[in-house]
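Have a look at the structure below before the remarks.
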Amino acid sequence: SSVTFDGDWFSNVDITSRGTLTTAGNLFRLYGTATLDLYGALNKAYALQGTITFHDGASQTGNLFLEGGSSPVMNFELSETGFTTINTGGTLFAYDPWANVTFNVDISQYDRTLGTTIVLMDFNGYSDQGAGAETGFTNATRNVTGHSGGTLSWDAATDRIVLEVVPIRGTMVTIK
């Protein structure tokens with residue numbers, strides 16, 4: 001189902017959405033300890049603070065605005081069938097572009113035979129009021145948990161956040 005909220009500032013609330021989530025205002029703004037557990041679609045979002053968890057199959061239909069100095073958290077939950085790239089349109093950062101932004105990626109359910117390179121977010125454009133994304137991303141906290149882990153990086157050529165999963169080692173066969 002679709003839900004439209006009257007307001008657009010969400011502070012200290014927990015919201016889970018499996019359908020389409022929009023606001024009457026311009027942005028879906030998370031502030032304070034607000035959490036959004038997203039399985040469905042979301043319009044433009046502003047993660048000032050709070051936590052957004054993108055589950056496999058979630059989508060965003062508009063721009064994503066991050067305010068790095070205020071400690072927003074982005075969680076990504078990969079499923080056994082992979083992860084659908086979050087296409088955000090564009091993004092704008094206020095203050096230090098990636099400082100205090102935390103990315104947590106859970107790959108414990110992911111089937112690594114599907115591939116080791118996953119695009120988590122495609123910004124289709126990037127602008128900020130500070131250092132460039134390619135250098136500033138090193139200031140973000142990046143945690144990858146499950147299996148043997150992986151690395152999270154910014155692809156400056158495509159404006160994407162890319163996850164490289166540690167590949168499965170080959171099968172060991174004992175010959176007697």
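Naming scheme: A, B, ... for chains in displayed order of the structure tokens; residues 1 onward per chain; ligands 1 onward as shown.
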Got a sec: who's within 10 Å of range 98-112 of chain A, counting only C-alpha atoms, leaving out chain neighbours fewer than 4 positions off, as a PyMOL selection string? chain A and resi 47-49+51-55+66-83+93-94+116-117+120+128+130-133+135-152+163+165-168
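Using only C-alpha atoms, the contacts of range 3-6 of chain A at a cut-off of 6 Å, with sequence neighbours closer than 3 positions omitted, comprise A:Leu21, A:Thr22, A:Thr23, A:Ala24.
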Take the residues from that selection and write them out as a PDB file, in the first residue's frame, keeping N, CA, C and O atoms.
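Written file, selection_7.pdb:
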```pdb
ATOM      1  N   LEU A  21       6.217   5.010   0.351  1.00  0.00           N
ATOM      2  CA  LEU A  21       6.199   5.965   1.452  1.00  0.00           C
ATOM      3  C   LEU A  21       6.536   7.349   0.917  1.00  0.00           C
ATOM      4  O   LEU A  21       7.571   7.542   0.283  1.00  0.00           O
ATOM      5  N   THR A  22       5.631   8.305   1.121  1.00  0.00           N
ATOM      6  CA  THR A  22       5.862   9.673   0.686  1.00  0.00           C
ATOM      7  C   THR A  22       5.459  10.623   1.805  1.00  0.00           C
ATOM      8  O   THR A  22       4.866  10.214   2.795  1.00  0.00           O
ATOM      9  N   THR A  23       5.775  11.888   1.616  1.00  0.00           N
ATOM     10  CA  THR A  23       5.364  12.915   2.572  1.00  0.00           C
ATOM     11  C   THR A  23       4.666  14.036   1.826  1.00  0.00           C
ATOM     12  O   THR A  23       4.868  14.221   0.632  1.00  0.00           O
ATOM     13  N   ALA A  24       3.857  14.782   2.565  1.00  0.00           N
ATOM     14  CA  ALA A  24       3.200  15.943   1.979  1.00  0.00           C
ATOM     15  C   ALA A  24       4.221  17.047   1.712  1.00  0.00           C
ATOM     16  O   ALA A  24       4.016  17.899   0.858  1.00  0.00           O
TER      17      ALA A  24
END
```
Residue list (strand (DSSP E or B), DSSP) for range 137-174 of chain A, as a PyMOL selection string: chain A and resi 141-145+150-155+160-165
Sel. of helix (DSSP H, G or I) residues, range 13-159 of chain A, as number ranges by chain: A: 68-70, 112-114, 133-139
Excluding Phe10 in chain A and residues on its chain fewer than 5 positions from it, collect all residues at most 8 Å away from it, counting only C-alpha atoms, and give them as a list of chain:residue names. A:Phe28, A:Arg29, A:Leu30, A:Tyr31, A:Ala34
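Pairwise distance (CA of Asn87 in chain A, CA of Leu64 in chain A) equals 9.3 Å.
In this model, the gap between CA of Ile161 in chain A and CA of Ser11 in chain A comes to 26.8 Å.
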